[in-house]
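Reproduced below: model.tsv, with TSV, C-alpha atoms.
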```tsv
chain	number	residue	atom	x	y	z
A	1	MET	CA	81.50	104.42	109.45
A	2	ASP	CA	83.38	101.18	108.92
A	3	THR	CA	82.31	98.24	110.93
A	4	ASP	CA	84.96	97.38	113.45
A	5	ASP	CA	87.26	94.54	112.39
A	6	ARG	CA	86.47	92.71	115.60
A	7	ALA	CA	82.75	92.78	114.90
A	8	ILE	CA	83.34	91.23	111.48
A	9	VAL	CA	85.57	88.54	112.98
A	10	GLU	CA	82.86	87.75	115.52
A	11	ALA	CA	80.25	87.50	112.75
A	12	VAL	CA	82.46	85.10	110.76
A	13	LEU	CA	83.03	82.99	113.86
A	14	ASP	CA	79.27	82.95	114.39
A	15	GLY	CA	78.95	81.16	111.05
A	16	HIS	CA	78.55	84.11	108.63
A	17	GLN	CA	81.38	83.02	106.37
A	18	HIS	CA	80.56	85.55	103.61
A	19	ARG	CA	81.39	88.43	105.96
A	20	TYR	CA	85.07	87.46	105.65
A	21	ALA	CA	85.02	89.13	102.21
A	22	GLU	CA	84.80	92.47	104.04
A	23	LEU	CA	88.09	91.82	105.80
A	24	VAL	CA	89.72	90.66	102.56
A	25	GLY	CA	88.52	93.80	100.82
A	26	ARG	CA	89.76	95.97	103.63
A	27	TYR	CA	93.30	94.57	103.72
A	28	GLN	CA	93.92	93.15	100.23
A	29	SER	CA	95.83	96.17	98.98
A	30	GLN	CA	98.09	96.42	102.03
A	31	ILE	CA	98.84	92.70	102.03
A	32	VAL	CA	99.55	92.49	98.30
A	33	ASN	CA	101.80	95.56	98.45
A	34	TYR	CA	103.66	94.21	101.45
A	35	VAL	CA	104.16	90.73	100.01
A	36	CYS	CA	105.08	92.07	96.59
A	37	ARG	CA	107.77	94.31	98.03
A	38	MET	CA	109.09	91.44	100.12
A	39	LEU	CA	109.14	88.83	97.34
A	40	GLY	CA	109.83	91.13	94.42
A	41	ASN	CA	107.37	89.44	92.07
A	42	TYR	CA	103.77	90.45	91.44
A	43	GLU	CA	102.31	87.09	90.38
A	44	ASP	CA	103.92	85.24	93.28
A	45	ALA	CA	102.80	87.99	95.64
A	46	VAL	CA	99.16	87.66	94.56
A	47	ASP	CA	99.24	83.89	95.02
A	48	LEU	CA	100.88	84.14	98.42
A	49	SER	CA	98.48	86.89	99.49
A	50	GLN	CA	95.57	84.57	98.76
A	51	ASP	CA	97.25	81.87	100.84
A	52	ILE	CA	97.69	84.39	103.67
A	53	PHE	CA	94.00	85.27	103.74
A	54	LEU	CA	93.13	81.58	103.69
A	55	LYS	CA	95.52	80.89	106.58
A	56	ALA	CA	94.07	83.81	108.50
A	57	TYR	CA	90.56	82.43	107.96
A	58	SER	CA	91.58	78.99	109.21
A	59	ALA	CA	93.21	80.53	112.29
A	60	LEU	CA	90.49	83.09	112.95
A	61	ALA	CA	89.31	81.39	116.12
A	62	THR	CA	92.73	82.01	117.66
A	63	TYR	CA	92.58	85.78	117.10
A	64	GLN	CA	92.59	87.66	120.40
A	65	PRO	CA	90.28	90.69	120.08
A	66	ARG	CA	92.36	92.74	122.50
A	67	TYR	CA	95.01	93.11	119.76
A	68	PRO	CA	94.53	95.07	116.52
A	69	PHE	CA	93.38	92.77	113.72
A	70	ALA	CA	95.84	94.36	111.28
A	71	ALA	CA	98.81	93.46	113.46
A	72	TRP	CA	97.56	89.86	113.79
A	73	LEU	CA	97.01	89.55	110.03
A	74	PHE	CA	100.43	90.99	109.25
A	75	ARG	CA	102.10	88.54	111.62
A	76	ILE	CA	100.63	85.77	109.49
A	77	ALA	CA	101.67	87.59	106.31
A	78	ARG	CA	105.16	88.13	107.61
A	79	ASN	CA	105.64	84.48	108.54
A	80	ALA	CA	104.33	83.38	105.16
A	81	ALA	CA	106.59	85.80	103.29
A	82	ILE	CA	109.66	84.79	105.27
A	83	ASP	CA	108.89	81.10	104.80
A	84	GLU	CA	108.53	81.67	101.07
A	85	LEU	CA	111.78	83.61	100.87
A	86	ARG	CA	113.62	80.92	102.80
A	87	ARG	CA	112.01	78.17	100.75
A	88	ARG	CA	113.14	79.80	97.56
A	89	ARG	CA	116.37	81.03	99.12
A	90	VAL	CA	116.09	84.30	97.24
A	91	PRO	CA	119.41	86.09	97.63
A	92	THR	CA	119.34	89.81	98.37
A	93	VAL	CA	122.02	91.53	96.35
A	94	SER	CA	122.81	95.05	95.38
A	95	LEU	CA	121.20	95.71	92.03
A	96	ASP	CA	123.99	98.11	91.16
A	97	ALA	CA	126.62	95.41	91.45
A	98	PRO	CA	127.73	93.96	88.12
A	99	ILE	CA	127.00	90.31	87.44
A	100	GLU	CA	129.66	87.87	86.30
A	101	PHE	CA	129.23	86.06	82.97
A	102	GLU	CA	131.51	83.61	81.23
A	103	ASP	CA	132.47	86.22	78.72
A	104	GLY	CA	132.83	89.10	81.13
A	105	THR	CA	130.54	91.21	83.33
A	106	GLY	CA	127.20	92.89	82.68
A	107	GLU	CA	124.51	94.83	84.45
A	108	ARG	CA	121.53	93.23	86.16
A	109	GLU	CA	118.16	93.62	84.51
A	110	VAL	CA	115.23	93.75	86.90
A	111	ALA	CA	111.60	93.44	85.88
A	112	SER	CA	109.34	96.26	86.99
A	113	LEU	CA	107.19	95.40	90.02
A	114	GLY	CA	104.43	97.74	88.94
A	115	PRO	CA	101.36	96.07	87.48
A	116	ALA	CA	100.84	98.72	84.84
A	117	PRO	CA	103.65	98.83	82.31
A	118	ASP	CA	102.19	101.87	80.58
A	119	THR	CA	102.71	104.28	83.47
A	120	LEU	CA	104.46	107.52	82.74
A	121	TYR	CA	108.14	107.09	82.15
A	122	LEU	CA	109.29	109.28	85.02
A	123	GLU	CA	106.88	107.82	87.54
A	124	GLY	CA	107.93	104.37	86.41
A	125	GLU	CA	111.56	105.28	86.82
A	126	PHE	CA	110.96	106.58	90.32
A	127	GLU	CA	109.08	103.49	91.36
A	128	ASP	CA	111.63	101.13	89.87
A	129	ARG	CA	114.51	102.94	91.51
A	130	ILE	CA	112.83	103.08	94.90
A	131	SER	CA	111.64	99.50	94.66
A	132	ALA	CA	115.09	98.27	93.69
A	133	ALA	CA	116.69	100.24	96.52
A	134	VAL	CA	114.25	98.73	99.02
A	135	GLN	CA	114.90	95.24	97.68
A	136	ALA	CA	118.60	95.76	98.24
A	137	LEU	CA	118.15	96.55	101.95
A	138	PRO	CA	119.01	93.85	104.51
A	139	GLU	CA	115.87	91.99	105.62
A	140	LYS	CA	115.77	93.51	109.11
A	141	TYR	CA	115.54	97.00	107.59
A	142	ARG	CA	113.47	96.05	104.56
A	143	GLU	CA	110.64	94.54	106.60
A	144	PRO	CA	109.77	97.58	108.72
A	145	ILE	CA	110.20	100.06	105.86
A	146	VAL	CA	107.92	97.95	103.64
A	147	LEU	CA	105.34	97.65	106.41
A	148	ARG	CA	105.47	101.41	106.92
A	149	HIS	CA	105.42	102.59	103.33
A	150	ALA	CA	103.99	99.71	101.27
A	151	ALA	CA	101.45	98.44	103.80
A	152	ASP	CA	100.83	101.82	105.44
A	153	LEU	CA	100.93	100.44	108.99
A	154	SER	CA	101.51	102.71	111.98
A	155	TYR	CA	104.62	102.32	114.11
A	156	GLU	CA	102.54	100.62	116.78
A	157	GLU	CA	101.06	98.13	114.31
A	158	ILE	CA	104.52	97.37	112.93
A	159	ALA	CA	105.84	96.78	116.45
A	160	ASP	CA	102.96	94.36	117.08
A	161	ALA	CA	103.41	92.60	113.75
A	162	LEU	CA	107.17	92.19	114.15
A	163	GLU	CA	106.93	91.59	117.90
A	164	LEU	CA	109.59	94.24	118.50
A	165	PRO	CA	109.73	97.24	120.83
A	166	ILE	CA	108.47	100.37	119.13
A	167	GLY	CA	111.83	102.08	119.69
A	168	THR	CA	113.58	99.34	117.71
A	169	VAL	CA	111.03	99.68	114.92
A	170	LYS	CA	111.59	103.42	114.69
A	171	THR	CA	115.36	103.01	114.70
A	172	ARG	CA	115.23	100.45	111.91
A	173	ILE	CA	112.88	102.56	109.82
A	174	PHE	CA	115.10	105.63	110.28
A	175	ARG	CA	118.20	103.62	109.33
A	176	ALA	CA	116.40	102.20	106.29
A	177	ARG	CA	115.39	105.69	105.20
A	178	GLU	CA	118.94	106.88	105.64
A	179	ALA	CA	120.16	104.10	103.35
A	180	LEU	CA	117.45	104.91	100.81
A	181	ARG	CA	118.29	108.62	100.88
A	182	ARG	CA	121.91	107.77	100.17
A	183	SER	CA	121.16	105.46	97.29
A	184	LEU	CA	118.50	107.74	95.79
A	185	THR	CA	120.22	111.07	96.31
A	186	ASP	CA	119.91	112.13	92.69
A	187	LEU	CA	116.12	111.73	92.77
A	188	PHE	CA	115.65	114.13	95.65
A	189	GLU	CA	117.98	117.00	94.93
A	190	ASN	CA	116.05	120.23	94.46
A	191	ASP	CA	117.77	120.98	91.19
A	192	SER	CA	117.45	117.44	89.89
A	193	PRO	CA	116.07	117.49	86.33
A	194	ALA	CA	114.22	114.24	87.02
A	195	VAL	CA	112.33	115.71	89.96
A	196	ALA	CA	111.67	118.97	88.18
A	197	GLY	CA	110.31	117.05	85.22
A	198	ALA	CA	108.11	114.86	87.38
A	199	GLU	CA	106.71	117.81	89.28
A	200	SER	CA	105.71	119.56	86.07
A	201	SER	CA	104.11	116.47	84.58
B	1	MET	CA	122.93	130.86	112.70
B	2	SER	CA	125.70	128.27	112.46
B	3	GLU	CA	125.49	125.56	109.82
B	4	HIS	CA	124.51	122.14	111.10
B	5	ARG	CA	123.54	118.83	109.64
B	6	PRO	CA	119.73	118.52	109.48
B	7	ASP	CA	118.29	115.73	111.61
B	8	TYR	CA	116.32	113.80	109.01
B	9	ASP	CA	115.03	111.25	111.52
B	10	ARG	CA	113.42	114.00	113.53
B	11	LEU	CA	112.15	115.76	110.43
B	12	SER	CA	110.50	112.60	109.10
B	13	ALA	CA	108.94	111.95	112.50
B	14	TYR	CA	107.63	115.54	112.44
B	15	ILE	CA	106.12	115.07	108.97
B	16	GLU	CA	104.44	111.85	110.09
B	17	GLY	CA	103.08	113.48	113.25
B	18	ALA	CA	105.04	111.04	115.39
B	19	LEU	CA	106.69	113.63	117.66
B	20	SER	CA	105.51	114.55	121.13
B	21	PRO	CA	103.79	117.95	121.55
B	22	ASP	CA	107.01	119.33	123.05
B	23	GLY	CA	109.10	117.86	120.24
B	24	THR	CA	106.73	119.32	117.66
B	25	ARG	CA	106.85	122.77	119.28
B	26	TRP	CA	110.64	122.64	119.46
B	27	ILE	CA	111.07	121.73	115.80
B	28	GLU	CA	108.58	124.35	114.64
B	29	LEU	CA	110.46	127.05	116.54
B	30	HIS	CA	113.72	125.78	115.06
B	31	LEU	CA	112.34	125.70	111.54
B	32	GLU	CA	111.36	129.38	111.80
B	33	LYS	CA	115.01	130.26	112.34
B	34	CYS	CA	116.88	127.65	110.28
B	35	GLU	CA	116.82	127.84	106.51
B	36	SER	CA	118.88	124.69	105.96
B	37	CYS	CA	116.38	122.69	108.03
B	38	ARG	CA	113.47	124.21	106.09
B	39	ASP	CA	115.14	123.04	102.88
B	40	ALA	CA	115.73	119.65	104.44
B	41	LEU	CA	112.08	119.47	105.49
B	42	GLU	CA	111.04	120.09	101.91
B	43	ARG	CA	113.37	117.39	100.63
B	44	GLU	CA	112.22	114.96	103.30
B	45	THR	CA	108.55	115.59	102.50
B	46	GLN	CA	109.26	114.86	98.88
B	47	PHE	CA	111.28	111.79	99.81
B	48	LEU	CA	108.49	110.33	101.93
B	49	GLU	CA	105.95	110.97	99.19
B	50	ARG	CA	108.15	109.17	96.70
B	51	VAL	CA	108.82	106.25	99.00
B	52	SER	CA	105.09	105.93	99.48
B	53	SER	CA	104.89	104.96	95.81
B	54	LEU	CA	105.76	101.54	97.21
B	55	ARG	CA	102.06	101.12	97.94
B	56	ASN	CA	100.96	101.73	94.36
B	57	ILE	CA	100.51	98.08	93.48
B	58	GLU	CA	96.87	97.09	92.96
B	59	PRO	CA	95.58	93.59	93.61
B	60	PRO	CA	93.86	91.99	90.62
B	61	PRO	CA	90.17	92.95	90.33
B	62	ASP	CA	88.98	89.42	91.13
B	63	PHE	CA	91.20	89.06	94.20
B	64	ILE	CA	88.36	88.99	96.76
B	65	GLU	CA	86.35	86.49	94.71
B	66	ALA	CA	89.39	84.25	94.33
B	67	VAL	CA	90.03	84.25	98.08
B	68	MET	CA	86.37	83.70	98.94
B	69	ALA	CA	86.14	80.80	96.47
B	70	ARG	CA	88.89	79.08	98.46
B	71	VAL	CA	87.37	80.09	101.78
B	72	ALA	CA	84.04	78.58	100.66
B	73	GLN	CA	85.77	75.20	100.43
B	74	GLN	CA	86.48	75.45	104.15
B	75	PRO	CA	83.76	74.56	106.62
B	76	ALA	CA	82.02	77.61	108.05
B	77	PHE	CA	82.55	78.21	111.74
B	78	GLN	CA	79.71	76.86	113.84
B	79	PRO	CA	78.00	79.40	116.06
B	80	PRO	CA	78.44	78.49	119.72
B	81	ALA	CA	75.57	76.70	121.41
B	82	GLU	CA	73.09	79.34	122.41
B	83	VAL	CA	72.99	79.96	126.14
B	84	PRO	CA	70.15	82.32	127.12
B	85	TRP	CA	72.33	84.41	129.36
B	86	ARG	CA	75.43	84.23	127.18
B	87	LYS	CA	75.08	87.76	125.85
B	88	VAL	CA	74.87	89.25	129.30
B	89	ALA	CA	78.01	90.24	131.16
B	90	GLY	CA	79.20	87.29	133.20
B	91	TRP	CA	79.70	89.17	136.43
B	92	SER	CA	76.16	90.54	136.49
B	93	VAL	CA	74.65	87.12	135.86
B	94	GLY	CA	76.78	85.60	138.59
B	95	LEU	CA	75.95	88.27	141.09
B	96	ALA	CA	72.25	88.31	140.29
B	97	ALA	CA	72.04	84.53	140.45
B	98	SER	CA	73.78	84.53	143.80
B	99	LEU	CA	71.48	87.16	145.28
B	100	VAL	CA	68.37	85.43	143.99
B	101	ALA	CA	69.65	82.16	145.41
B	102	VAL	CA	70.32	83.73	148.79
B	103	LEU	CA	67.10	85.65	149.08
B	104	GLY	CA	64.73	83.23	147.38
B	105	LEU	CA	65.93	79.78	148.33
B	106	GLY	CA	67.10	80.83	151.75
B	107	ALA	CA	63.78	82.43	152.58
B	108	TRP	CA	61.86	79.45	151.25
B	109	VAL	CA	63.85	77.01	153.37
B	110	ALA	CA	63.57	79.25	156.39
B	111	ILE	CA	59.82	79.58	156.10
B	112	SER	CA	59.27	75.88	155.57
B	113	SER	CA	61.68	74.85	158.33
B	114	ASP	CA	60.56	73.72	161.79
B	115	ALA	CA	63.21	75.98	163.27
B	116	VAL	CA	61.46	79.08	162.01
B	117	ALA	CA	58.70	79.00	164.60
B	118	GLY	CA	59.38	81.84	167.00
B	119	ALA	CA	62.91	82.14	165.72
B	120	ASN	CA	65.03	85.19	166.19
B	121	ALA	CA	67.32	86.69	163.52
B	122	THR	CA	70.08	84.19	164.20
B	123	GLY	CA	67.81	81.23	163.84
B	124	LEU	CA	66.27	82.58	160.67
B	125	LEU	CA	69.67	83.22	159.15
B	126	SER	CA	70.86	79.80	160.19
B	127	SER	CA	67.95	78.19	158.41
B	128	ALA	CA	68.52	80.34	155.32
B	129	ILE	CA	72.15	79.29	155.19
B	130	THR	CA	71.21	75.67	155.68
B	131	GLY	CA	68.93	75.72	152.66
B	132	LEU	CA	71.29	77.73	150.55
B	133	ALA	CA	74.29	75.60	151.39
B	134	GLU	CA	72.51	72.34	150.62
B	135	ILE	CA	71.09	73.59	147.35
B	136	SER	CA	74.36	75.25	146.31
B	137	SER	CA	76.29	72.11	147.05
B	138	PHE	CA	73.86	70.01	145.02
B	139	VAL	CA	73.67	72.40	142.06
B	140	ILE	CA	77.40	73.05	141.89
B	141	SER	CA	78.26	69.37	142.02
B	142	THR	CA	75.56	68.35	139.53
B	143	VAL	CA	76.18	71.09	136.95
B	144	GLY	CA	79.92	70.76	137.36
B	145	SER	CA	79.76	67.06	136.59
B	146	PHE	CA	78.63	67.95	133.04
B	147	LEU	CA	81.65	70.13	132.51
B	148	SER	CA	84.58	67.85	132.94
B	149	PRO	CA	87.31	70.54	133.18
B	150	ALA	CA	85.28	72.31	135.85
B	151	MET	CA	84.35	69.20	137.75
B	152	ALA	CA	87.26	69.19	140.20
B	153	LEU	CA	86.63	72.78	141.18
B	154	ALA	CA	82.90	72.16	141.38
B	155	ARG	CA	83.33	69.27	143.77
B	156	ALA	CA	85.71	71.33	145.86
B	157	GLY	CA	83.15	74.15	145.85
B	158	GLY	CA	80.40	71.81	147.00
B	159	THR	CA	82.58	70.49	149.82
B	160	ILE	CA	83.50	73.99	150.95
B	161	VAL	CA	79.84	75.02	151.07
B	162	LEU	CA	79.00	72.04	153.25
B	163	ARG	CA	81.90	72.80	155.59
B	164	LEU	CA	80.72	76.40	155.84
B	165	PHE	CA	77.27	75.15	156.63
B	166	ASP	CA	78.62	73.00	159.47
B	167	LEU	CA	80.55	75.97	160.80
B	168	ALA	CA	77.60	78.33	160.63
B	169	ARG	CA	74.97	76.07	162.14
B	170	ASN	CA	76.15	76.46	165.70
B	171	SER	CA	77.75	79.89	165.51
B	172	GLY	CA	76.75	83.44	166.30
B	173	LEU	CA	75.29	86.04	163.98
B	174	ALA	CA	78.66	87.49	162.87
B	175	VAL	CA	79.99	84.11	161.75
B	176	GLN	CA	76.74	83.34	160.01
B	177	LEU	CA	76.91	86.61	158.09
B	178	GLY	CA	80.48	85.76	157.12
B	179	VAL	CA	79.38	82.36	155.90
B	180	LEU	CA	76.56	83.96	153.96
B	181	LEU	CA	79.05	86.27	152.24
B	182	ALA	CA	81.40	83.38	151.50
B	183	THR	CA	78.57	81.36	149.98
B	184	VAL	CA	77.49	84.24	147.76
B	185	THR	CA	81.10	84.70	146.63
B	186	LEU	CA	81.42	81.00	145.87
B	187	ASN	CA	78.24	81.08	143.81
B	188	TYR	CA	79.55	84.08	141.93
B	189	VAL	CA	82.95	82.54	141.20
B	190	PHE	CA	81.41	79.31	140.03
B	191	THR	CA	78.91	81.06	137.76
B	192	ARG	CA	81.75	83.05	136.17
B	193	MET	CA	83.65	79.85	135.63
B	194	VAL	CA	80.72	78.19	133.89
B	195	LEU	CA	80.14	81.27	131.70
B	196	ASN	CA	83.77	81.39	130.65
B	197	TYR	CA	83.74	77.70	129.90
B	198	GLN	CA	80.64	78.10	127.74
B	199	ARG	CA	82.23	80.95	125.79
B	200	ARG	CA	85.28	78.92	124.93
B	201	GLN	CA	83.14	76.17	123.41
```

The structure in this file should be written as C-alpha cells.
Amino acid sequence: MDTDDRAIVEAVLDGHQHRYAELVGRYQSQIVNYVCRMLGNYEDAVDLSQDIFLKAYSALATYQPRYPFAAWLFRIARNAAIDELRRRRVPTVSLDAPIEFEDGTGEREVASLGPAPDTLYLEGEFEDRISAAVQALPEKYREPIVLRHAADLSYEEIADALELPIGTVKTRIFRAREALRRSLTDLFENDSPAVAGAESS
Amino acid sequence: MSEHRPDYDRLSAYIEGALSPDGTRWIELHLEKCESCRDALERETQFLERVSSLRNIEPPPDFIEAVMARVAQQPAFQPPAEVPWRKVAGWSVGLAASLVAVLGLGAWVAISSDAVAGANATGLLSSAITGLAEISSFVISTVGSFLSPAMALARAGGTIVLRLFDLARNSGLAVQLGVLLATVTLNYVFTRMVLNYQRRQ
C-alpha cells in the first residue's frame, strides 16, 4: 500500500529531504503530461515541470494537510504554466486555419508532442489530432480537460486545483468534450476506416 | 421508441462512474430500451479512450534525479525542536496536566496549610484553590513570558486566576467548585495554546 502523501510531506518537513523523491516519482507523469498539453512543447514542459517540483518543495511548509496533496501541487503547476504562457504570450489559434505568407497562404505545420516519433502511424495520427484539437480550445476549457484526461485528476481534485465549484468544472469539461467531438468527428464514426484500422492493429 | 439526440454529457458521466445511484439506474434502464443511446455509449467510450491518449507522454528517465539534484541544493527542512509531549494529542495533555495540577498541587497546599487543621470540605477546597491559583498564576505568567506571542494572553490568564482566587476565598462551596472548574478550564486552554505555538515553530 502506498504511503500517504501527507506522511511523506511530514517526513520531508522533519528533515528527510530524500523522501521528496517519492512524491516526485508519484506525480512526475501527471505533471509533465499536464504541462506539456498546456505549453505544447515537450522540452519546455520537462524544464517547467522540474521548476514546479522545486517550487513545491520550497513551499512545502505551507501545505495544509487537510487538502489533497495533488490539488495543492496542481495549483502550483497551474500557476507556473499560466505564468509561462503569459510570459511567452503564446497565441492559441485554430490549427486548421490557413496561415498568411507574403506569397499567399499555406497550412500550419505542428510538431508532434509525443516523445516517441516511431509510434505506429495511426496511433500517432490520433494523438496528433487530439492534441491539436485540445490546443485549439480556449484556455478556460483546455485547462479542465487537460487536468481530467492528461493529468488524470478527479473532478473534485480539478475543482480544488482550479478553485472553482465542481459544477462549473463539470460544465467546462462537458463543453470541451463537445467541442472535441465536433472537431474529431471523423475519428469516432463507427464506419471510419481510420478507427477500423486502429482497432485491428 | 421515438428518435432523440443522445445526451453525451450524461453518457460520459455514466462511463466515468460520476452519476448518482439513481442516475446510474435510470440510464441503465434507458439503455436497455434505446438502441441509438447504446450506439452513442459505444462511441463515447471510444472517444474517452482516445482522449485519454493525452496522458501518453513519458517524463525523461532521469527526471526524478534531475529534480532531486536541484532540491539537494536547497537547505533541508529542520525538524521542529523536540517537545516530549509533542506527539500526544494536545487536548489530552492539557486535560491531564490540569487534573494533575488540581489534585496534586491543591492537595499538597491543603495538607501543608494552617487552615487544614480541623477543616471541613469548604475549607479544604478553599486551600486547594489557593495553592492551585497561586501556582497556576506563576507558571502561566513565567512560561508565557518565553513565548512572546502568547505573553499577553498568559498575563491575562494569570490575572484572571488571581481574581478567581480572591472570589473563592470567602465564598461558599458552590462558588468554590465553580472557581475550581474555571481554573481547570484556564489551565487546559493555556496548555493547548502552548502546544499549538510549539507545533508552528

| message | Quick check: residues of chain B within 6 Å of chain A, all atoms listed in the file, returned as a list in words. | response | Asp9, Ser52, Leu54, Arg55, Ile57, Pro59, Val67, Ala76, Phe77, Gln78 and Pro79 of chain B

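Taking CA of Ala40 (chain B) and CA of Leu137 (chain A) as endpoints, the distance between them is 23.4 Å.
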
| said: Using Å and a single decimal, report how far CA of Ala81 (chain A) sits from CA of Leu39 (chain A). | reply: 7.1 Å

| request: In Å, rounded to a single decimal, give me how far CA of Ile27 (chain B) is from CA of Tyr141 (chain A). | output: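 Between CA of Tyr141 (chain A) and CA of Ile27 (chain B) the gap is 26.4 Å.
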
Mind writing region 36-56 of chain B to a file for me, with N, CA and C atoms, as a compact mmCIF listing (two decimals), in the first residue's frame?
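Contents of part_35.txt, freshly written:
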```txt
# COMPACT_ATOMS: atom_id res chain seq x y z
N SER B 36 -30.24 3.81 -30.13
CA SER B 36 -29.38 4.94 -30.53
C SER B 36 -28.48 5.37 -29.38
N CYS B 37 -28.99 5.25 -28.13
CA CYS B 37 -28.14 5.62 -26.99
C CYS B 37 -27.07 4.55 -26.73
N ARG B 38 -27.41 3.29 -27.04
CA ARG B 38 -26.37 2.23 -26.91
C ARG B 38 -25.24 2.49 -27.89
N ASP B 39 -25.61 2.88 -29.12
CA ASP B 39 -24.58 3.21 -30.11
C ASP B 39 -23.76 4.41 -29.64
N ALA B 40 -24.48 5.39 -29.10
CA ALA B 40 -23.79 6.59 -28.62
C ALA B 40 -22.85 6.25 -27.47
N LEU B 41 -23.29 5.33 -26.61
CA LEU B 41 -22.44 4.92 -25.48
C LEU B 41 -21.14 4.29 -25.98
N GLU B 42 -21.28 3.49 -27.05
CA GLU B 42 -20.09 2.85 -27.62
C GLU B 42 -19.13 3.91 -28.18
N ARG B 43 -19.73 4.87 -28.90
CA ARG B 43 -18.89 5.93 -29.48
C ARG B 43 -18.23 6.75 -28.39
N GLU B 44 -19.00 7.04 -27.33
CA GLU B 44 -18.46 7.87 -26.26
C GLU B 44 -17.34 7.15 -25.50
N THR B 45 -17.51 5.83 -25.32
CA THR B 45 -16.46 5.05 -24.66
C THR B 45 -15.17 5.13 -25.47
N GLN B 46 -15.33 4.97 -26.76
CA GLN B 46 -14.17 5.02 -27.65
C GLN B 46 -13.54 6.43 -27.63
N PHE B 47 -14.42 7.42 -27.63
CA PHE B 47 -13.94 8.81 -27.60
C PHE B 47 -13.10 9.07 -26.35
N LEU B 48 -13.62 8.65 -25.20
CA LEU B 48 -12.90 8.91 -23.95
C LEU B 48 -11.57 8.15 -23.91
N GLU B 49 -11.58 6.95 -24.46
CA GLU B 49 -10.32 6.20 -24.51
C GLU B 49 -9.30 6.93 -25.37
N ARG B 50 -9.77 7.45 -26.49
CA ARG B 50 -8.85 8.17 -27.39
C ARG B 50 -8.35 9.46 -26.75
N VAL B 51 -9.26 10.17 -26.12
CA VAL B 51 -8.84 11.43 -25.49
C VAL B 51 -7.83 11.16 -24.37
N SER B 52 -7.95 9.99 -23.76
CA SER B 52 -7.01 9.66 -22.70
C SER B 52 -5.60 9.42 -23.23
N SER B 53 -5.44 9.37 -24.55
CA SER B 53 -4.08 9.29 -25.10
C SER B 53 -3.31 10.56 -24.79
N LEU B 54 -4.01 11.58 -24.31
CA LEU B 54 -3.32 12.81 -23.90
C LEU B 54 -2.35 12.56 -22.75
N ARG B 55 -2.51 11.44 -22.06
CA ARG B 55 -1.61 11.21 -20.92
C ARG B 55 -0.50 10.22 -21.28
N ASN B 56 -0.23 10.10 -22.59
CA ASN B 56 0.77 9.12 -23.02
C ASN B 56 2.21 9.62 -22.96
```
